[in-house]
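Asks: mmCIF, C-alpha atoms, pLDDT in the B column; chains and numbers go by the auth columns, file run25.cif:
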```cif
data_work
loop_
_atom_site.group_PDB
_atom_site.id
_atom_site.type_symbol
_atom_site.label_atom_id
_atom_site.label_comp_id
_atom_site.label_asym_id
_atom_site.label_seq_id
_atom_site.Cartn_x
_atom_site.Cartn_y
_atom_site.Cartn_z
_atom_site.B_iso_or_equiv
_atom_site.auth_seq_id
_atom_site.auth_asym_id
ATOM 1 C CA SER A 1 114.682 102.283 100.485 90.00 147 Z
ATOM 2 C CA PHE A 2 111.266 100.802 99.628 95.00 148 Z
ATOM 3 C CA ILE A 3 109.920 97.740 97.799 97.00 149 Z
ATOM 4 C CA THR A 4 106.523 96.607 96.554 97.00 150 Z
ATOM 5 C CA LEU A 5 105.041 93.715 94.567 97.00 151 Z
ATOM 6 C CA SER A 6 102.993 93.974 91.388 97.00 152 Z
ATOM 7 C CA PRO A 7 99.290 93.105 91.771 96.00 153 Z
ATOM 8 C CA ASN A 8 99.844 89.704 90.103 95.00 154 Z
ATOM 9 C CA GLY A 9 102.788 88.945 92.415 95.00 155 Z
ATOM 10 C CA GLN A 10 105.155 88.252 89.506 96.00 156 Z
ATOM 11 C CA PHE A 11 107.348 91.340 89.780 97.00 157 Z
ATOM 12 C CA LEU A 12 109.031 93.285 92.566 97.00 158 Z
ATOM 13 C CA TYR A 13 109.822 96.996 92.312 98.00 159 Z
ATOM 14 C CA ALA A 14 112.350 98.882 94.420 97.00 160 Z
ATOM 15 C CA CYS A 15 113.594 102.441 94.746 94.00 161 Z
ATOM 16 C CA THR A 16 117.235 103.172 95.526 86.00 162 Z
ATOM 17 C CA ASP A 17 117.788 106.123 97.859 76.00 163 Z
ATOM 18 C CA ALA A 18 120.861 107.817 96.380 70.00 164 Z
ATOM 19 C CA LYS A 19 122.444 111.146 95.470 66.00 165 Z
ATOM 20 C CA THR A 20 124.884 110.085 92.743 67.00 166 Z
ATOM 21 C CA PRO A 21 123.511 112.241 91.137 73.00 167 Z
ATOM 22 C CA VAL A 22 119.973 110.828 91.189 81.00 168 Z
ATOM 23 C CA GLY A 23 118.227 107.808 92.628 91.00 169 Z
ATOM 24 C CA SER A 24 116.650 104.987 90.654 94.00 170 Z
ATOM 25 C CA VAL A 25 113.726 102.589 90.422 97.00 171 Z
ATOM 26 C CA SER A 26 114.370 98.934 89.583 97.00 172 Z
ATOM 27 C CA SER A 27 112.328 95.910 88.552 98.00 173 Z
ATOM 28 C CA PHE A 28 112.837 92.228 89.348 97.00 174 Z
ATOM 29 C CA GLU A 29 111.087 89.046 88.316 97.00 175 Z
ATOM 30 C CA PHE A 30 109.868 87.339 91.486 94.00 176 Z
ATOM 31 C CA LYS A 31 109.949 83.538 91.689 90.00 177 Z
ATOM 32 C CA PRO A 32 108.954 82.563 95.239 88.00 178 Z
ATOM 33 C CA SER A 33 108.920 78.830 94.452 89.00 179 Z
ATOM 34 C CA GLU A 34 112.579 79.098 93.484 90.00 180 Z
ATOM 35 C CA LYS A 35 113.399 81.649 96.200 90.00 181 Z
ATOM 36 C CA GLU A 36 114.814 83.901 93.521 91.00 182 Z
ATOM 37 C CA LEU A 37 114.740 87.493 92.306 94.00 183 Z
ATOM 38 C CA LYS A 38 115.914 88.137 88.743 96.00 184 Z
ATOM 39 C CA PHE A 39 116.947 91.708 87.926 97.00 185 Z
ATOM 40 C CA LEU A 40 115.098 93.079 84.885 98.00 186 Z
ATOM 41 C CA ASN A 41 115.993 96.762 84.479 97.00 187 Z
ATOM 42 C CA CYS A 42 116.528 100.113 86.150 96.00 188 Z
ATOM 43 C CA GLN A 43 115.480 103.702 85.407 96.00 189 Z
ATOM 44 C CA PRO A 44 116.508 107.062 86.929 94.00 190 Z
ATOM 45 C CA SER A 45 113.893 108.206 89.423 94.00 191 Z
ATOM 46 C CA GLY A 46 114.095 111.803 88.233 88.00 192 Z
ATOM 47 C CA GLU A 47 115.722 113.259 91.348 89.00 193 Z
ATOM 48 C CA GLU A 48 117.564 112.430 94.565 84.00 194 Z
ATOM 49 C CA ASN A 49 116.303 110.131 97.279 90.00 195 Z
ATOM 50 C CA PRO A 50 113.331 108.180 95.929 94.00 196 Z
ATOM 51 C CA VAL A 51 111.603 106.795 99.017 95.00 197 Z
ATOM 52 C CA TYR A 52 108.405 105.065 97.864 97.00 198 Z
ATOM 53 C CA VAL A 53 107.055 103.106 94.896 98.00 199 Z
ATOM 54 C CA SER A 54 103.538 101.784 94.259 98.00 200 Z
ATOM 55 C CA VAL A 55 101.927 99.926 91.364 98.00 201 Z
ATOM 56 C CA HIS A 56 98.494 100.544 89.846 98.00 202 Z
ATOM 57 C CA LYS A 57 96.151 97.516 89.973 97.00 203 Z
ATOM 58 C CA SER A 58 96.318 97.268 86.153 97.00 204 Z
ATOM 59 C CA GLY A 59 100.044 96.559 86.408 97.00 205 Z
ATOM 60 C CA LYS A 60 100.649 99.258 83.752 97.00 206 Z
ATOM 61 C CA TRP A 61 101.901 102.150 85.914 98.00 207 Z
ATOM 62 C CA LEU A 62 104.459 102.791 88.646 98.00 208 Z
ATOM 63 C CA ALA A 63 104.328 105.836 90.959 98.00 209 Z
ATOM 64 C CA ASN A 64 107.476 107.065 92.699 97.00 210 Z
ATOM 65 C CA ALA A 65 108.034 109.709 95.403 97.00 211 Z
ATOM 66 C CA ASN A 66 111.328 111.666 95.516 95.00 212 Z
ATOM 67 C CA TYR A 67 111.862 113.042 98.999 95.00 213 Z
ATOM 68 C CA ASN A 68 114.739 115.534 98.821 93.00 214 Z
ATOM 69 C CA ASP A 69 113.501 117.783 96.032 92.00 215 Z
ATOM 70 C CA GLY A 70 109.789 117.238 96.627 96.00 216 Z
ATOM 71 C CA SER A 71 108.810 115.642 93.316 96.00 217 Z
ATOM 72 C CA LEU A 72 106.827 112.690 92.039 96.00 218 Z
ATOM 73 C CA SER A 73 107.391 110.570 88.939 96.00 219 Z
ATOM 74 C CA ILE A 74 105.091 108.268 86.948 98.00 220 Z
ATOM 75 C CA PHE A 75 106.502 105.391 84.866 98.00 221 Z
ATOM 76 C CA PRO A 76 104.848 103.017 82.391 98.00 222 Z
ATOM 77 C CA LEU A 77 105.349 99.308 83.055 98.00 223 Z
ATOM 78 C CA ASN A 78 105.801 96.785 80.256 97.00 224 Z
ATOM 79 C CA SER A 79 104.015 93.427 80.226 96.00 225 Z
ATOM 80 C CA ASP A 80 107.367 91.735 80.957 97.00 226 Z
ATOM 81 C CA GLY A 81 107.689 93.760 84.171 97.00 227 Z
ATOM 82 C CA LYS A 82 110.339 96.187 82.930 98.00 228 Z
ATOM 83 C CA ILE A 83 110.044 99.888 83.765 98.00 229 Z
ATOM 84 C CA GLY A 84 109.767 102.386 80.905 98.00 230 Z
ATOM 85 C CA THR A 85 111.192 105.903 80.931 97.00 231 Z
ATOM 86 C CA ILE A 86 109.486 108.628 82.990 96.00 232 Z
ATOM 87 C CA ASN A 87 106.064 109.487 81.604 96.00 233 Z
ATOM 88 C CA HIS A 88 105.269 112.386 83.906 95.00 234 Z
ATOM 89 C CA LYS A 89 107.135 114.310 86.611 95.00 235 Z
ATOM 90 C CA VAL A 90 105.640 116.925 88.941 95.00 236 Z
ATOM 91 C CA GLN A 91 107.816 119.244 91.008 95.00 237 Z
ATOM 92 C CA PHE A 92 106.785 121.058 94.210 95.00 238 Z
ATOM 93 C CA GLU A 93 108.611 123.832 96.042 95.00 239 Z
ATOM 94 C CA LYS A 94 106.870 125.450 99.002 95.00 240 Z
ATOM 95 C CA GLY A 95 107.464 124.083 102.511 97.00 241 Z
ATOM 96 C CA SER A 96 105.860 124.892 105.859 97.00 242 Z
ATOM 97 C CA VAL A 97 106.560 126.146 109.392 98.00 243 Z
ATOM 98 C CA ASN A 98 109.429 123.929 110.600 97.00 244 Z
ATOM 99 C CA PRO A 99 112.647 125.489 109.199 96.00 245 Z
ATOM 100 C CA LYS A 100 114.767 122.382 109.867 95.00 246 Z
ATOM 101 C CA ARG A 101 112.451 119.790 108.332 97.00 247 Z
ATOM 102 C CA GLN A 102 110.058 121.767 106.145 98.00 248 Z
ATOM 103 C CA GLU A 103 112.281 124.206 104.274 97.00 249 Z
ATOM 104 C CA ARG A 104 110.674 122.912 101.078 97.00 250 Z
ATOM 105 C CA ALA A 105 108.299 120.233 99.811 97.00 251 Z
ATOM 106 C CA HIS A 106 109.233 116.634 100.671 98.00 252 Z
ATOM 107 C CA ILE A 107 107.050 113.989 98.978 97.00 253 Z
ATOM 108 C CA HIS A 108 107.211 110.853 101.133 97.00 254 Z
ATOM 109 C CA ALA A 109 104.843 108.342 99.485 98.00 255 Z
ATOM 110 C CA GLY A 110 102.477 107.665 96.592 97.00 256 Z
ATOM 111 C CA ILE A 111 99.312 105.683 97.323 97.00 257 Z
ATOM 112 C CA PHE A 112 96.545 104.663 94.935 98.00 258 Z
ATOM 113 C CA SER A 113 92.933 104.949 96.104 97.00 259 Z
ATOM 114 C CA PRO A 114 90.903 101.772 96.802 97.00 260 Z
ATOM 115 C CA GLU A 115 89.281 102.100 93.358 97.00 261 Z
ATOM 116 C CA ASN A 116 92.644 103.003 91.779 97.00 262 Z
ATOM 117 C CA ASP A 117 91.177 106.156 90.219 97.00 263 Z
ATOM 118 C CA TYR A 118 93.063 108.631 92.437 96.00 264 Z
ATOM 119 C CA LEU A 119 96.671 108.934 93.550 97.00 265 Z
ATOM 120 C CA PHE A 120 97.711 110.509 96.850 97.00 266 Z
ATOM 121 C CA PHE A 121 101.092 111.950 97.796 97.00 267 Z
ATOM 122 C CA PRO A 122 101.784 112.820 101.462 98.00 268 Z
ATOM 123 C CA ASP A 123 104.047 115.894 101.473 98.00 269 Z
ATOM 124 C CA LEU A 124 105.947 116.040 104.777 98.00 270 Z
ATOM 125 C CA GLY A 125 107.505 119.374 103.868 98.00 271 Z
ATOM 126 C CA ALA A 126 104.295 121.213 102.965 98.00 272 Z
ATOM 127 C CA ASP A 127 101.844 119.661 105.479 98.00 273 Z
ATOM 128 C CA LYS A 128 99.616 118.386 102.684 97.00 274 Z
ATOM 129 C CA ILE A 129 98.294 115.168 101.212 97.00 275 Z
ATOM 130 C CA ARG A 130 98.306 115.953 97.495 96.00 276 Z
ATOM 131 C CA VAL A 131 95.408 114.490 95.515 95.00 277 Z
ATOM 132 C CA TYR A 132 95.353 113.687 91.795 95.00 278 Z
ATOM 133 C CA LYS A 133 92.864 112.009 89.512 96.00 279 Z
ATOM 134 C CA PHE A 134 94.396 108.958 87.791 97.00 280 Z
ATOM 135 C CA ASP A 135 93.154 107.463 84.508 97.00 281 Z
ATOM 136 C CA GLU A 136 95.024 104.270 83.642 97.00 282 Z
ATOM 137 C CA ASN A 137 93.861 104.382 80.003 95.00 283 Z
ATOM 138 C CA GLN A 138 95.344 107.787 79.166 95.00 284 Z
ATOM 139 C CA ASP A 139 98.829 108.253 77.703 94.00 285 Z
ATOM 140 C CA ARG A 140 99.505 110.651 80.593 94.00 286 Z
ATOM 141 C CA PRO A 141 97.324 109.209 83.372 96.00 287 Z
ATOM 142 C CA LEU A 142 97.972 111.797 86.093 94.00 288 Z
ATOM 143 C CA ASN A 143 95.422 114.634 86.071 91.00 289 Z
ATOM 144 C CA MET A 144 97.151 117.918 86.793 78.00 290 Z
ATOM 145 C CA ILE A 145 94.072 119.511 88.359 74.00 291 Z
ATOM 146 C CA GLU A 146 95.329 119.290 91.927 72.00 292 Z
ATOM 147 C CA ASN A 147 93.392 119.136 95.125 80.00 293 Z
ATOM 148 C CA ALA A 148 95.139 118.847 98.501 93.00 294 Z
ATOM 149 C CA VAL A 149 94.223 117.869 102.050 95.00 295 Z
ATOM 150 C CA LYS A 150 95.791 120.421 104.418 96.00 296 Z
ATOM 151 C CA THR A 151 97.092 118.835 107.612 97.00 297 Z
ATOM 152 C CA ASP A 152 97.986 120.730 110.802 97.00 298 Z
ATOM 153 C CA SER A 153 100.949 123.090 110.443 98.00 299 Z
ATOM 154 C CA GLY A 154 104.160 121.322 111.433 98.00 300 Z
ATOM 155 C CA SER A 155 102.557 117.864 111.430 98.00 301 Z
ATOM 156 C CA GLY A 156 104.603 116.402 108.551 98.00 302 Z
ATOM 157 C CA PRO A 157 102.409 113.707 106.910 98.00 303 Z
ATOM 158 C CA ARG A 158 104.653 110.805 105.914 97.00 304 Z
ATOM 159 C CA HIS A 159 102.714 107.669 104.927 97.00 305 Z
ATOM 160 C CA PHE A 160 99.065 106.959 104.195 96.00 306 Z
ATOM 161 C CA THR A 161 96.948 103.827 103.983 97.00 307 Z
ATOM 162 C CA PHE A 162 93.311 102.824 103.581 98.00 308 Z
ATOM 163 C CA HIS A 163 91.087 100.606 105.680 98.00 309 Z
ATOM 164 C CA PRO A 164 90.182 97.346 103.860 97.00 310 Z
ATOM 165 C CA ASN A 165 86.606 98.642 103.514 97.00 311 Z
ATOM 166 C CA GLY A 166 87.919 101.520 101.351 97.00 312 Z
ATOM 167 C CA LYS A 167 85.866 104.077 103.300 97.00 313 Z
ATOM 168 C CA MET A 168 88.488 105.291 105.771 98.00 314 Z
ATOM 169 C CA GLY A 169 92.078 106.480 105.475 98.00 315 Z
ATOM 170 C CA TYR A 170 94.929 106.877 107.964 98.00 316 Z
ATOM 171 C CA SER A 171 97.864 109.289 107.793 98.00 317 Z
ATOM 172 C CA ILE A 172 100.941 108.965 110.023 98.00 318 Z
ATOM 173 C CA GLU A 173 102.411 112.393 110.773 97.00 319 Z
ATOM 174 C CA GLU A 174 106.126 112.199 111.478 97.00 320 Z
ATOM 175 C CA LEU A 175 106.736 115.591 113.073 96.00 321 Z
ATOM 176 C CA SER A 176 103.696 115.767 115.371 95.00 322 Z
ATOM 177 C CA GLY A 177 103.717 112.049 116.167 95.00 323 Z
ATOM 178 C CA GLU A 178 100.008 111.639 115.450 97.00 324 Z
ATOM 179 C CA ILE A 179 97.744 109.489 113.292 98.00 325 Z
ATOM 180 C CA SER A 180 94.951 111.335 111.486 98.00 326 Z
ATOM 181 C CA VAL A 181 91.803 109.362 110.642 98.00 327 Z
ATOM 182 C CA TYR A 182 89.627 110.357 107.678 98.00 328 Z
ATOM 183 C CA ASN A 183 86.341 109.333 106.138 98.00 329 Z
ATOM 184 C CA TYR A 184 87.002 108.839 102.425 97.00 330 Z
ATOM 185 C CA SER A 185 84.844 109.049 99.309 96.00 331 Z
ATOM 186 C CA ALA A 186 85.788 109.656 95.656 93.00 332 Z
ATOM 187 C CA GLY A 187 89.007 111.578 96.274 94.00 333 Z
ATOM 188 C CA ASN A 188 87.664 113.557 99.234 94.00 334 Z
ATOM 189 C CA PHE A 189 88.739 113.306 102.861 96.00 335 Z
ATOM 190 C CA ASP A 190 86.908 114.344 106.027 97.00 336 Z
ATOM 191 C CA LEU A 191 89.008 114.406 109.213 98.00 337 Z
ATOM 192 C CA ILE A 192 87.230 112.610 112.069 98.00 338 Z
ATOM 193 C CA GLU A 193 89.956 111.853 114.638 97.00 339 Z
ATOM 194 C CA LYS A 194 93.569 112.496 115.613 97.00 340 Z
ATOM 195 C CA VAL A 195 95.405 109.967 117.803 96.00 341 Z
ATOM 196 C CA LYS A 196 98.718 110.571 119.576 94.00 342 Z
ATOM 197 C CA THR A 197 101.304 107.822 119.158 92.00 343 Z
ATOM 198 C CA HIS A 198 103.259 108.764 122.277 87.00 344 Z
ATOM 199 C CA PRO A 199 102.691 110.746 125.507 83.00 345 Z
ATOM 200 C CA ASP A 200 103.376 114.489 125.610 77.00 346 Z
ATOM 201 C CA SER A 201 106.337 113.843 127.916 73.00 347 Z
ATOM 202 C CA LEU A 202 108.260 112.395 124.956 67.00 348 Z
ATOM 203 C CA THR A 203 107.858 115.419 122.662 59.00 349 Z
#
```
Give the structure from the file, written as C-alpha cells.
Replies:
Amino acid sequence: SFITLSPNGQFLYACTDAKTPVGSVSSFEFKPSEKELKFLNCQPSGEENPVYVSVHKSGKWLANANYNDGSLSIFPLNSDGKIGTINHKVQFEKGSVNPKRQERAHIHAGIFSPENDYLFFPDLGADKIRVYKFDENQDRPLNMIENAVKTDSGSGPRHFTFHPNGKMGYSIEELSGEISVYNYSAGNFDLIEKVKTHPDSLT
C-alpha cells in the first residue's frame, strides 16, 4: 500500500496492506541501471493494514504505521538492507467524534522531522498528530514521552510533510477536506492557516 526508498537509494521498502492475519513490511535491493528490484526479506508489521513506511536518514531504522488497530512499529535495518524484527511497538485506542470513521485510533503515517530527531504519526481516528523524540543511537530509539498536536474534532489528519526549508509543516485532513499549515521548531507546531481543498457545496 506504500513504498519508499532508503536515503542512499539502494533499497526500497514496502508495506503490504493485509488481514491474513497481519500485514507485512518488505525490503528490496534497488538497481535502477538494471531496471530491477531484488526481494531481500519480509517481516510481520505487527498488526493489520500497514499503510505507511519511512526510513531514518541514517538508514538504520524503519517506521511503520498500522491503520486498522491504531499502532506504530519500529524496525532496525541491517547494512545489507534487510529488515530486522520489531524493536518497538506502540498501541493506541481512543478515537474521536465521528462514529463511522473514528471509533478508535487509526495511525495513517510516520514522518521523520527535517533534522531526523523527532517522529510524527498522524492519527486519523483520534484527531491528533502524535509526536515522539527519536534517538538513532539508542537500542530503543523511540522516546515514550509523548506530546501530541490536537487537530480540529472530526478533521481526521492523514498525511504530513515538511517544507524544504524545514520550518513549516503541512497536514492533509481526510475527513474535513482541509490542509493545516504549521510553523515548526524542535518538535513543536504552531497552527497558522487552514485551507479548504474543495468548496462547501461538495461536503
Asks: Within 10 Å of Tyr330 of chain Z, counting all atoms listed in the file, which residues show up once you throw out same-chain ones fewer than 2 positions away? Write them as a list in words, please.
Replies: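 Near neighbours after the sequence-gap exclusion: Ser259, Pro260, Phe308, His309, Gly312, Lys313, Met314, Gly315, Tyr316, Val327, Tyr328, Ala332, Gly333, Asn334, Phe335, Asp336 and Leu337 of chain Z.
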Asks: Please expand the PyMOL selection byres ((chain Z and resi 265-279) around 9) into the concrete residues it hits in this file, giving the result as a ChimeraX atom specification.
Replies: /Z:209,211,213,216,218,239-244,247-259,262-264,280-281,287-306,317,319-321,333-334
Asks: Nearest to Leu208 of chain Z: which of Z:Asn311, Z:Asn187, Z:Asn195, Z:Ser152 is it, counting all atoms listed in the file?
Replies: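 Closest to Leu208 of chain Z, using all atoms listed in the file: Z:Ser152.
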Asks: For Asn154 of chain Z, which residue out of Z:Asn233, Z:Ser347, Z:Asn212, Z:Ser204 is the nearest one, using only C-alpha atoms?
Replies: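 Of Z:Asn233, Z:Ser347, Z:Asn212, Z:Ser204, the one nearest Asn154 of chain Z, counting only C-alpha atoms, is Z:Ser204.
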Asks: When the PyMOL selection byres ((chain Z and resi 175) around 7) is applied to the file above, which residues end up in the set, as a compact mmCIF listing (two decimals) with C-alpha atoms, in the frame of the given file?
Replies:
```txt
# COMPACT_ATOMS: atom_id res chain seq x y z
CA GLN Z 156 105.16 88.25 89.51
CA PHE Z 157 107.35 91.34 89.78
CA LEU Z 158 109.03 93.28 92.57
CA SER Z 173 112.33 95.91 88.55
CA PHE Z 174 112.84 92.23 89.35
CA PHE Z 176 109.87 87.34 91.49
CA LYS Z 177 109.95 83.54 91.69
CA LEU Z 183 114.74 87.49 92.31
CA LYS Z 184 115.91 88.14 88.74
CA PHE Z 185 116.95 91.71 87.93
CA LEU Z 186 115.10 93.08 84.88
```
Asks: Pick the closest to Lys228 of chain Z from Z:Lys340, Z:Val171, Z:Pro310, Z:Pro153: which is it, counting all atoms listed in the file?
Replies: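 Ranking Z:Lys340, Z:Val171, Z:Pro310, Z:Pro153 by distance to Lys228 of chain Z, first place goes to Z:Val171.
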Asks: Let me know the centre plus edge lengths, in Å and rounded to one decimal, of a box with edges along x, y and z that contains all listed atoms of segment 188-207 of chain Z and is padded by 3 Å on every side, as AutoDock Vina command-line options.
Replies:
```
--center_x 106.9 --center_y 104.9 --center_z 91.4 --size_x 27.4 --size_y 22.7 --size_z 21.3
```
Asks: One number please: atom CA of His234 of chain Z to atom CA of Asn214 of chain Z, in Å, one decimal.
Replies: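 These two atoms are separated by 17.9 Å.
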Asks: Please, what distance in Å, to one decimal, runs between atom CA of Ala164 of chain Z and atom CA of Lys206 of chain Z?
Replies: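 A separation of 25.3 Å between them.
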Asks: Which one is closest to Pro222 of chain Z: Z:Cys161, Z:Ile149, Z:Val341, Z:Val201? Count all atoms listed in the file.
Replies: Z:Val201
Asks: Just to confirm, what's the straight-line distance from atom CA of Ser331 of chain Z to atom CA of Thr307 of chain Z in Å (one decimal)?
Replies: 14.0 Å
Asks: On this structure, which residues satisfy the PyMOL selection byres ((chain Z and resi 169) around 10), written as a ChimeraX atom specification?
Replies: /Z:161-168,170-171,189-197,212
Asks: Which residue is closest to Gly227 of chain Z? Choose from Z:Ile325, Z:Ile318, Z:Val199, Z:Leu151 and count all atoms listed in the file.
Replies: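 The shortest atom-to-atom distance to Gly227 of chain Z comes from Z:Leu151.
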Asks: For each of Z:Lys246, Z:His202, Z:Arg286, Z:Lys181, take the minimum atom-to-atom distance to Ile232 of chain Z, counting only C-alpha atoms, then give the residue where this is smallest.
Replies: Z:Arg286
